[in-house]
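One file, coords.pdb, is given below (PDB, C-alpha atoms).
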ATOM      1  CA  MET W  16      14.618  14.924 -10.228
ATOM      2  CA  THR W  17      11.437  16.860 -10.917
ATOM      3  CA  ALA W  18      10.039  19.440  -8.493
ATOM      4  CA  LEU W  19       7.033  17.204  -7.755
ATOM      5  CA  LYS W  20       9.283  14.267  -6.868
ATOM      6  CA  LYS W  21      11.267  16.462  -4.499
ATOM      7  CA  ILE W  22       8.062  17.648  -2.825
ATOM      8  CA  VAL W  23       6.651  14.123  -2.522
ATOM      9  CA  GLN W  24       9.896  12.953  -0.896
ATOM     10  CA  ASN W  25       9.970  15.832   1.596
ATOM     11  CA  LYS W  26       8.556  14.511   4.860
ATOM     12  CA  TRP W  27       7.933  17.926   6.398
ATOM     13  CA  VAL W  28       6.148  19.398   3.379
ATOM     14  CA  CYS W  29       3.855  16.384   3.180
ATOM     15  CA  LEU W  30       3.227  16.419   6.932
ATOM     16  CA  PHE W  31       2.368  20.124   6.789
ATOM     17  CA  TRP W  32      -0.174  19.473   4.044
ATOM     18  CA  LEU W  33      -1.688  16.540   5.921
ATOM     19  CA  VAL W  34      -2.210  18.598   9.088
ATOM     20  CA  PHE W  35      -3.421  21.618   7.124
ATOM     21  CA  GLY W  36      -5.723  19.474   4.986
ATOM     22  CA  ILE W  37      -7.518  17.724   7.825
ATOM     23  CA  GLY W  38      -7.700  20.996   9.744
ATOM     24  CA  TYR W  39      -9.236  22.889   6.829
ATOM     25  CA  VAL W  40     -11.682  20.124   5.896
ATOM     26  CA  THR W  41     -12.869  19.879   9.508
ATOM     27  CA  TRP W  42     -13.056  23.657  10.001
ATOM     28  CA  PHE W  43     -15.017  24.184   6.797
ATOM     29  CA  GLY W  44     -17.428  21.389   7.697
ATOM     30  CA  PHE W  45     -18.298  23.187  10.948
ATOM     31  CA  LEU W  46     -19.082  26.579   9.407
ATOM     32  CA  LYS W  47     -22.663  25.327   9.607
ATOM     33  CA  ASN W  48     -24.238  22.499  11.564
ATOM     34  CA  PRO W  49     -22.456  19.411  10.134
ATOM     35  CA  PHE W  50     -25.408  17.202  11.037
ATOM     36  CA  GLU W  51     -27.548  19.151   8.577
ATOM     37  CA  PHE W  52     -25.184  20.563   5.948
ATOM     38  CA  THR W  53     -22.646  18.887   3.666
ATOM     39  CA  ALA W  54     -19.555  20.673   2.352
ATOM     40  CA  SER W  55     -21.396  21.301  -0.927
ATOM     41  CA  MET W  56     -24.351  22.872   0.865
ATOM     42  CA  ILE W  57     -22.029  25.059   2.936
ATOM     43  CA  GLY W  58     -20.345  25.977  -0.337
ATOM     44  CA  LEU W  59     -23.518  27.703  -1.523
ATOM     45  CA  ASP W  60     -22.886  30.363   1.148
ATOM     46  CA  TYR W  61     -19.088  30.147   1.085
ATOM     47  CA  PRO W  62     -18.156  29.414  -2.563
ATOM     48  CA  TRP W  63     -14.478  30.346  -2.237
ATOM     49  CA  GLY W  64     -14.214  28.389   0.980
ATOM     50  CA  PHE W  65     -15.630  25.384  -0.857
ATOM     51  CA  LYS W  66     -13.102  25.795  -3.660
ATOM     52  CA  GLY W  67     -10.411  25.787  -0.976
ATOM     53  CA  TRP W  68     -11.945  22.624   0.492
ATOM     54  CA  GLY W  69     -11.589  20.882  -2.860
ATOM     55  CA  VAL W  70      -8.089  22.144  -3.638
ATOM     56  CA  PHE W  71      -6.600  21.648  -0.177
ATOM     57  CA  SER W  72      -8.115  18.195   0.375
ATOM     58  CA  THR W  73      -6.833  17.089  -3.036
ATOM     59  CA  ILE W  74      -3.304  18.394  -2.472
ATOM     60  CA  SER W  75      -3.040  16.980   1.048
ATOM     61  CA  ILE W  76      -4.386  13.527   0.204
ATOM     62  CA  ALA W  77      -2.479  13.206  -3.079
ATOM     63  CA  LEU W  78       0.886  14.308  -1.656
ATOM     64  CA  ASN W  79       0.583  12.014   1.338
ATOM     65  CA  THR W  80      -0.612   9.053  -0.693
ATOM     66  CA  MET W  81       2.382   9.472  -3.022
ATOM     67  CA  TYR W  82       4.660   9.884   0.006
ATOM     68  CA  MET W  83       3.259   6.570   1.254
ATOM     69  CA  TYR W  84       3.954   4.998  -2.147
ATOM     70  CA  ASN W  85       7.573   6.152  -1.940
ATOM     71  CA  ARG W  86       7.967   5.132   1.692
ATOM     72  CA  TYR W  87       6.825   1.565   1.049
ATOM     73  CA  GLY W  88       8.303   1.081  -2.406
ATOM     74  CA  TYR W  89       5.179   1.118  -4.565
ATOM     75  CA  LYS W  90       6.169   2.362  -8.033
ATOM     76  CA  GLY W  91       3.099   1.301 -10.006
ATOM     77  CA  ARG W  92       1.259   3.826 -12.162
ATOM     78  CA  THR W  93      -2.283   2.718 -11.363
ATOM     79  CA  GLY W  94      -2.458   4.482  -8.008
ATOM     80  CA  ARG W  95      -1.127   7.712  -9.483
ATOM     81  CA  VAL W  96      -3.706   7.552 -12.278
ATOM     82  CA  PHE W  97      -6.428   7.228  -9.632
ATOM     83  CA  LEU W  98      -5.078  10.354  -7.885
ATOM     84  CA  ILE W  99      -5.129  12.334 -11.156
ATOM     85  CA  LEU W 100      -8.704  11.220 -11.838
ATOM     86  CA  ALA W 101      -9.715  12.182  -8.283
ATOM     87  CA  ALA W 102      -8.239  15.663  -8.764
ATOM     88  CA  ALA W 103     -10.047  16.101 -12.094
ATOM     89  CA  CYS W 104     -13.326  15.092 -10.463
ATOM     90  CA  ILE W 105     -13.082  17.432  -7.480
ATOM     91  CA  PHE W 106     -12.051  20.385  -9.632
ATOM     92  CA  THR W 107     -15.200  19.727 -11.664
ATOM     93  CA  THR W 108     -17.276  19.462  -8.479
ATOM     94  CA  ILE W 109     -16.127  22.762  -6.986
ATOM     95  CA  ASN W 110     -16.890  24.591 -10.236
ATOM     96  CA  ILE W 111     -20.405  23.181 -10.603
ATOM     97  CA  PRO W 112     -22.380  24.475  -7.599
ATOM     98  CA  SER W 113     -24.865  22.217  -5.861
ATOM     99  CA  THR W 114     -28.566  23.020  -6.244
ATOM    100  CA  GLU W 115     -31.669  22.366  -4.176
ATOM    101  CA  ILE W 116     -33.547  20.852  -7.118
ATOM    102  CA  LEU W 117     -32.909  17.694  -9.114
ATOM    103  CA  SER W 118     -31.230  18.748 -12.342
ATOM    104  CA  LEU W 119     -28.357  17.889 -14.654
ATOM    105  CA  GLN W 120     -26.247  20.364 -12.691
ATOM    106  CA  LEU W 121     -26.970  18.570  -9.420
ATOM    107  CA  VAL W 122     -26.260  15.165 -10.975
ATOM    108  CA  ALA W 123     -22.933  16.427 -12.379
ATOM    109  CA  HIS W 124     -21.996  17.970  -9.023
ATOM    110  CA  TRP W 125     -22.781  14.923  -6.904
ATOM    111  CA  SER W 126     -21.468  12.333  -9.365
ATOM    112  CA  THR W 127     -18.056  14.014  -9.639
ATOM    113  CA  ALA W 128     -17.946  14.454  -5.849
ATOM    114  CA  LEU W 129     -18.692  10.762  -5.423
ATOM    115  CA  LEU W 130     -16.039   9.818  -7.990
ATOM    116  CA  PHE W 131     -13.534  11.979  -6.108
ATOM    117  CA  GLY W 132     -14.067   9.767  -3.085
ATOM    118  CA  VAL W 133     -14.014   6.562  -5.127
ATOM    119  CA  PHE W 134     -10.750   7.356  -6.918
ATOM    120  CA  ASN W 135      -8.995   8.501  -3.729
ATOM    121  CA  SER W 136     -10.161   5.330  -1.970
ATOM    122  CA  LEU W 137      -8.805   3.221  -4.827
ATOM    123  CA  ALA W 138      -5.493   5.113  -4.774
ATOM    124  CA  MET W 139      -5.051   4.343  -1.085
ATOM    125  CA  GLY W 140      -6.577   0.890  -1.312
ATOM    126  CA  ILE W 141      -4.124  -0.266  -3.958
ATOM    127  CA  ILE W 142      -1.123  -0.001  -1.643
ATOM    128  CA  LEU W 143      -3.047  -1.473   1.288
ATOM    129  CA  VAL W 144      -3.902  -4.459  -0.916
ATOM    130  CA  ASN W 145      -0.245  -4.798  -1.963
ATOM    131  CA  MET W 146       0.944  -4.606   1.638
ATOM    132  CA  ARG W 147      -1.648  -6.877   3.257
ATOM    133  CA  LYS W 148       0.372 -10.071   2.706
ATOM    134  CA  LYS W 149       3.537  -8.536   4.127
ATOM    135  CA  SER W 150       2.042  -7.060   7.280
ATOM    136  CA  LYS W 151      -0.972  -8.061   9.356
ATOM    137  CA  LYS W 152      -1.319  -4.447  10.447
ATOM    138  CA  PHE W 153      -1.804  -3.380   6.842
ATOM    139  CA  MET W 154      -4.321  -6.178   6.345
ATOM    140  CA  VAL W 155      -6.304  -4.997   9.377
ATOM    141  CA  THR W 156      -6.032  -1.405   8.122
ATOM    142  CA  LEU W 157      -7.407  -2.456   4.730
ATOM    143  CA  TYR W 158     -10.411  -4.137   6.349
ATOM    144  CA  MET W 159     -10.997  -1.150   8.619
ATOM    145  CA  PHE W 160     -10.841   1.230   5.646
ATOM    146  CA  ILE W 161     -13.362  -0.886   3.756
ATOM    147  CA  GLY W 162     -15.471  -0.920   6.925
ATOM    148  CA  LEU W 163     -15.408   2.885   7.097
ATOM    149  CA  LEU W 164     -16.634   3.122   3.512
ATOM    150  CA  ALA W 165     -19.384   0.594   4.231
ATOM    151  CA  LEU W 166     -20.335   2.527   7.387
ATOM    152  CA  MET W 167     -20.640   5.741   5.398
ATOM    153  CA  ILE W 168     -22.935   4.083   2.853
ATOM    154  CA  ALA W 169     -25.073   2.539   5.605
ATOM    155  CA  LEU W 170     -25.374   5.882   7.414
ATOM    156  CA  LEU W 171     -26.266   7.663   4.174
ATOM    157  CA  ILE W 172     -29.065   5.173   3.582
ATOM    158  CA  ALA W 173     -30.281   5.429   7.164
ATOM    159  CA  PHE W 174     -29.963   9.164   7.805
ATOM    160  CA  ASN W 175     -29.528  10.824   4.402
ATOM    161  CA  LYS W 176     -26.490  12.972   3.656
ATOM    162  CA  ASN W 177     -24.802  15.287   6.135
ATOM    163  CA  GLY W 178     -21.349  16.691   6.743
ATOM    164  CA  VAL W 179     -20.324  14.271   9.488
ATOM    165  CA  ILE W 180     -21.183  11.195   7.410
ATOM    166  CA  GLU W 181     -19.488  12.735   4.386
ATOM    167  CA  ASN W 182     -16.254  13.253   6.341
ATOM    168  CA  ILE W 183     -15.987   9.783   7.908
ATOM    169  CA  PRO W 184     -13.889   8.258   5.082
ATOM    170  CA  MET W 185     -11.816  11.453   4.721
ATOM    171  CA  TRP W 186     -10.941  11.519   8.413
ATOM    172  CA  GLY W 187     -10.176   7.796   8.218
ATOM    173  CA  ALA W 188      -7.897   8.333   5.218
ATOM    174  CA  TYR W 189      -6.017  11.144   6.976
ATOM    175  CA  ILE W 190      -5.500   8.976  10.059
ATOM    176  CA  ILE W 191      -4.210   6.042   7.996
ATOM    177  CA  LEU W 192      -1.848   8.320   6.059
ATOM    178  CA  PHE W 193      -0.520   9.828   9.276
ATOM    179  CA  MET W 194       0.017   6.423  10.899
ATOM    180  CA  ALA W 195       1.709   4.974   7.810
ATOM    181  CA  ASN W 196       3.885   7.976   6.967
ATOM    182  CA  TYR W 197       4.869   9.556  10.264
ATOM    183  CA  THR W 198       4.774   6.884  12.970
ATOM    184  CA  SER W 199       6.439   3.521  13.600
ATOM    185  CA  PHE W 200       3.071   1.772  13.916
ATOM    186  CA  TYR W 201       3.730  -0.303  10.791
ATOM    187  CA  ASP W 202       6.853  -2.348  10.145
ATOM    188  CA  LYS W 203       9.950  -0.688   8.723
ATOM    189  CA  PRO W 204       9.431   0.357   5.079
ATOM    190  CA  GLU W 205      12.632  -1.298   3.857
ATOM    191  CA  VAL W 206      11.352  -4.631   5.170
ATOM    192  CA  LEU W 207       8.022  -4.175   3.437
ATOM    193  CA  SER W 208       9.141  -3.084  -0.032
ATOM    194  CA  VAL W 209       6.328  -4.098  -2.375
ATOM    195  CA  VAL W 210       6.371  -5.592  -5.834
ATOM    196  CA  ASN W 211       5.760  -2.937  -8.488
ATOM    197  CA  LYS W 212       2.480  -3.280 -10.342
TER
END

So, in terms of structure tokens, how does the structure I just supplied come out?
Amino acid sequence: MTALKKIVQNKWVCLFWLVFGIGYVTWFGFLKNPFEFTASMIGLDYPWGFKGWGVFSTISIALNTMYMYNRYGYKGRTGRVFLILAAACIFTTINIPSTEILSLQLVAHWSTALLFGVFNSLAMGIILVNMRKKSKKFMVTLYMFIGLLALMIALLIAFNKNGVIENIPMWGAYIILFMANYTSFYDKPEVLSVVNK
């Protein structure tokens, strides 16, 4: 068994990272007024803090998504590929600072940040889609997760970008991961073992 597999199967390590991840993401987002500044904008004043935001959010979401895969029997590769792509995107984002002017640098920064969110959403969505026919709670969770993403897009259109809007899907993802991995809210995992895809 590889070291990564041992880590992903360790409930307490994954729980630590989930709590630390949501705590760090929230703390960093409030270093400045979150209704005016995004994590990227805060990162202009706190570059190492922003690098931590990218690294810690990636580790915490990836470990807990893979823990969820193991817990509910999903062994497909597609979700794991999405997690790798998300990590590659955010590591690009945190090493290309945001700018106040429209430029290739700004486009690269924001596009990789957006792809980070897209790939993480797909990685979580794939197991929710697999589980929706086995559990009504998972089906409702899938629709709520899609609703959160739609809400973020609507708020971005209505109010432009800010840290609170940016964090809505991340907070939602952390809550779903916590409920699925560390509570009895959903049915027993052994009853819900999914077909590998």

Step by step, work through what the PyMOL selection byres ((chain W and resi 99-106) around 9) selects in the shown file, and finish by giving those residues as an mmCIF file with C-alpha atoms, keeping the file's coordinate frame.
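expr-v8.cif written:
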data_model
loop_
_atom_site.group_PDB
_atom_site.id
_atom_site.type_symbol
_atom_site.label_atom_id
_atom_site.label_comp_id
_atom_site.auth_asym_id
_atom_site.auth_seq_id
_atom_site.Cartn_x
_atom_site.Cartn_y
_atom_site.Cartn_z
ATOM 1 C CA LYS W 66 -13.102 25.795 -3.660
ATOM 2 C CA GLY W 69 -11.589 20.882 -2.860
ATOM 3 C CA VAL W 70 -8.089 22.144 -3.638
ATOM 4 C CA THR W 73 -6.833 17.089 -3.036
ATOM 5 C CA ILE W 74 -3.304 18.394 -2.472
ATOM 6 C CA ALA W 77 -2.479 13.206 -3.079
ATOM 7 C CA GLY W 94 -2.458 4.482 -8.008
ATOM 8 C CA ARG W 95 -1.127 7.712 -9.483
ATOM 9 C CA VAL W 96 -3.706 7.552 -12.278
ATOM 10 C CA PHE W 97 -6.428 7.228 -9.632
ATOM 11 C CA LEU W 98 -5.078 10.354 -7.885
ATOM 12 C CA THR W 107 -15.200 19.727 -11.664
ATOM 13 C CA THR W 108 -17.276 19.462 -8.479
ATOM 14 C CA ILE W 109 -16.127 22.762 -6.986
ATOM 15 C CA ASN W 110 -16.890 24.591 -10.236
ATOM 16 C CA ILE W 111 -20.405 23.181 -10.603
ATOM 17 C CA SER W 126 -21.468 12.333 -9.365
ATOM 18 C CA THR W 127 -18.056 14.014 -9.639
ATOM 19 C CA ALA W 128 -17.946 14.454 -5.849
ATOM 20 C CA LEU W 129 -18.692 10.762 -5.423
ATOM 21 C CA LEU W 130 -16.039 9.818 -7.990
ATOM 22 C CA PHE W 131 -13.534 11.979 -6.108
ATOM 23 C CA GLY W 132 -14.067 9.767 -3.085
ATOM 24 C CA VAL W 133 -14.014 6.562 -5.127
ATOM 25 C CA PHE W 134 -10.750 7.356 -6.918
ATOM 26 C CA ASN W 135 -8.995 8.501 -3.729
ATOM 27 C CA ALA W 138 -5.493 5.113 -4.774
#

> Which one of W:Asn79, W:Phe31, W:Lys90, W:Pro112 sits closest to Gly58 of chain W if you count all atoms listed in the file?
Replying inline: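 That would be W:Pro112, the residue with the smallest distance to Gly58 of chain W.
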
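Here atom CA of Leu171 of chain W is placed at a distance of 19.9 Å from atom CA of Tyr158 of chain W.
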
Please evaluate the PyMOL selection byres ((chain W and resi 201) around 12) against the structure above and give the resulting residues as a tab-separated table (two decimals) with C-alpha atoms, in the coordinates of the input.
chain	number	residue	atom	x	y	z
W	83	MET	CA	3.26	6.57	1.25
W	86	ARG	CA	7.97	5.13	1.69
W	87	TYR	CA	6.82	1.56	1.05
W	143	LEU	CA	-3.05	-1.47	1.29
W	146	MET	CA	0.94	-4.61	1.64
W	147	ARG	CA	-1.65	-6.88	3.26
W	149	LYS	CA	3.54	-8.54	4.13
W	150	SER	CA	2.04	-7.06	7.28
W	151	LYS	CA	-0.97	-8.06	9.36
W	152	LYS	CA	-1.32	-4.45	10.45
W	153	PHE	CA	-1.80	-3.38	6.84
W	154	MET	CA	-4.32	-6.18	6.34
W	155	VAL	CA	-6.30	-5.00	9.38
W	156	THR	CA	-6.03	-1.40	8.12
W	191	ILE	CA	-4.21	6.04	8.00
W	192	LEU	CA	-1.85	8.32	6.06
W	193	PHE	CA	-0.52	9.83	9.28
W	194	MET	CA	0.02	6.42	10.90
W	195	ALA	CA	1.71	4.97	7.81
W	196	ASN	CA	3.88	7.98	6.97
W	197	TYR	CA	4.87	9.56	10.26
W	198	THR	CA	4.77	6.88	12.97
W	199	SER	CA	6.44	3.52	13.60
W	200	PHE	CA	3.07	1.77	13.92
W	202	ASP	CA	6.85	-2.35	10.14
W	203	LYS	CA	9.95	-0.69	8.72
W	204	PRO	CA	9.43	0.36	5.08
W	205	GLU	CA	12.63	-1.30	3.86
W	206	VAL	CA	11.35	-4.63	5.17
W	207	LEU	CA	8.02	-4.18	3.44

Just want the 12 Å neighbourhood of Ile161 of chain W, counted on all atoms listed in the file, with same-chain residues fewer than 5 positions away dropped. Output as an mmCIF file with C-alpha atoms, in the coordinates of the input.
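Below you can see selection04.cif, which holds the result:
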data_model
loop_
_atom_site.group_PDB
_atom_site.id
_atom_site.type_symbol
_atom_site.label_atom_id
_atom_site.label_comp_id
_atom_site.auth_asym_id
_atom_site.auth_seq_id
_atom_site.Cartn_x
_atom_site.Cartn_y
_atom_site.Cartn_z
ATOM 1 C CA VAL W 133 -14.014 6.562 -5.127
ATOM 2 C CA SER W 136 -10.161 5.330 -1.970
ATOM 3 C CA LEU W 137 -8.805 3.221 -4.827
ATOM 4 C CA MET W 139 -5.051 4.343 -1.085
ATOM 5 C CA GLY W 140 -6.577 0.890 -1.312
ATOM 6 C CA LEU W 143 -3.047 -1.473 1.288
ATOM 7 C CA VAL W 144 -3.902 -4.459 -0.916
ATOM 8 C CA MET W 154 -4.321 -6.178 6.345
ATOM 9 C CA VAL W 155 -6.304 -4.997 9.377
ATOM 10 C CA THR W 156 -6.032 -1.405 8.122
ATOM 11 C CA LEU W 166 -20.335 2.527 7.387
ATOM 12 C CA MET W 167 -20.640 5.741 5.398
ATOM 13 C CA ILE W 168 -22.935 4.083 2.853
ATOM 14 C CA ILE W 183 -15.987 9.783 7.908
ATOM 15 C CA PRO W 184 -13.889 8.258 5.082
ATOM 16 C CA GLY W 187 -10.176 7.796 8.218
ATOM 17 C CA ALA W 188 -7.897 8.333 5.218
#

> If the PyMOL selection byres ((chain W and resi 115) around 12) is run on the structure shown, which residues does it catch, given as a VMD selection string?
Replying inline: chain W and resid 55 to 56 59 112 to 114 116 to 122 124 to 125

> Smallest atom-to-atom distance to Tyr39 of chain W: which of W:Tyr82, W:Tyr89, W:Phe71, W:Phe160, using all atoms listed in the file?
Replying inline: W:Phe71

> Between W:Leu170, W:Met159, W:Met81, W:Leu164, which one has atoms that come closest to Asn25 of chain W, using all atoms listed in the file?
Replying inline: W:Met81

> Quick one: distance from atom CA of Gly178 of chain W to atom CA of Gly64 of chain W in Å, one decimal?
Replying inline: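 Result for atom CA of Gly178 of chain W versus atom CA of Gly64 of chain W: 14.9 Å, one decimal.
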
Generate the coordinates of N, CA and C atoms for segment 128-147 of chain W; report them as a compact mmCIF listing (two decimals), in the coordinates of the input.
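For reference, result.txt as written:
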# COMPACT_ATOMS: atom_id res chain seq x y z
N ALA W 128 -18.35 14.50 -7.26
CA ALA W 128 -17.95 14.45 -5.85
C ALA W 128 -17.80 13.01 -5.38
N LEU W 129 -18.75 12.17 -5.78
CA LEU W 129 -18.69 10.76 -5.42
C LEU W 129 -17.47 10.09 -6.05
N LEU W 130 -17.20 10.41 -7.31
CA LEU W 130 -16.04 9.82 -7.99
C LEU W 130 -14.72 10.27 -7.36
N PHE W 131 -14.70 11.50 -6.84
CA PHE W 131 -13.53 11.98 -6.11
C PHE W 131 -13.22 11.04 -4.95
N GLY W 132 -14.25 10.69 -4.20
CA GLY W 132 -14.07 9.77 -3.08
C GLY W 132 -13.67 8.37 -3.54
N VAL W 133 -14.30 7.91 -4.62
CA VAL W 133 -14.01 6.56 -5.13
C VAL W 133 -12.56 6.46 -5.58
N PHE W 134 -12.11 7.42 -6.39
CA PHE W 134 -10.75 7.36 -6.92
C PHE W 134 -9.69 7.51 -5.82
N ASN W 135 -9.94 8.38 -4.84
CA ASN W 135 -8.99 8.50 -3.73
C ASN W 135 -8.95 7.21 -2.91
N SER W 136 -10.11 6.60 -2.71
CA SER W 136 -10.16 5.33 -1.97
C SER W 136 -9.39 4.24 -2.71
N LEU W 137 -9.53 4.20 -4.03
CA LEU W 137 -8.80 3.22 -4.83
C LEU W 137 -7.30 3.48 -4.79
N ALA W 138 -6.92 4.77 -4.81
CA ALA W 138 -5.49 5.11 -4.77
C ALA W 138 -4.86 4.66 -3.47
N MET W 139 -5.58 4.79 -2.36
CA MET W 139 -5.05 4.34 -1.08
C MET W 139 -5.20 2.83 -0.95
N GLY W 140 -6.32 2.32 -1.43
CA GLY W 140 -6.58 0.89 -1.31
C GLY W 140 -5.56 0.04 -2.04
N ILE W 141 -5.04 0.54 -3.15
CA ILE W 141 -4.12 -0.27 -3.96
C ILE W 141 -2.84 -0.60 -3.20
N ILE W 142 -2.34 0.33 -2.41
CA ILE W 142 -1.12 0.00 -1.64
C ILE W 142 -1.47 -0.85 -0.42
N LEU W 143 -2.63 -0.63 0.16
CA LEU W 143 -3.05 -1.47 1.29
C LEU W 143 -3.21 -2.92 0.84
N VAL W 144 -3.76 -3.11 -0.36
CA VAL W 144 -3.90 -4.46 -0.92
C VAL W 144 -2.53 -5.08 -1.15
N ASN W 145 -1.60 -4.30 -1.71
CA ASN W 145 -0.24 -4.80 -1.96
C ASN W 145 0.48 -5.17 -0.67
N MET W 146 0.20 -4.42 0.39
CA MET W 146 0.94 -4.61 1.64
C MET W 146 0.32 -5.65 2.56
N ARG W 147 -0.92 -6.04 2.29
CA ARG W 147 -1.65 -6.88 3.26
C ARG W 147 -0.98 -8.23 3.52
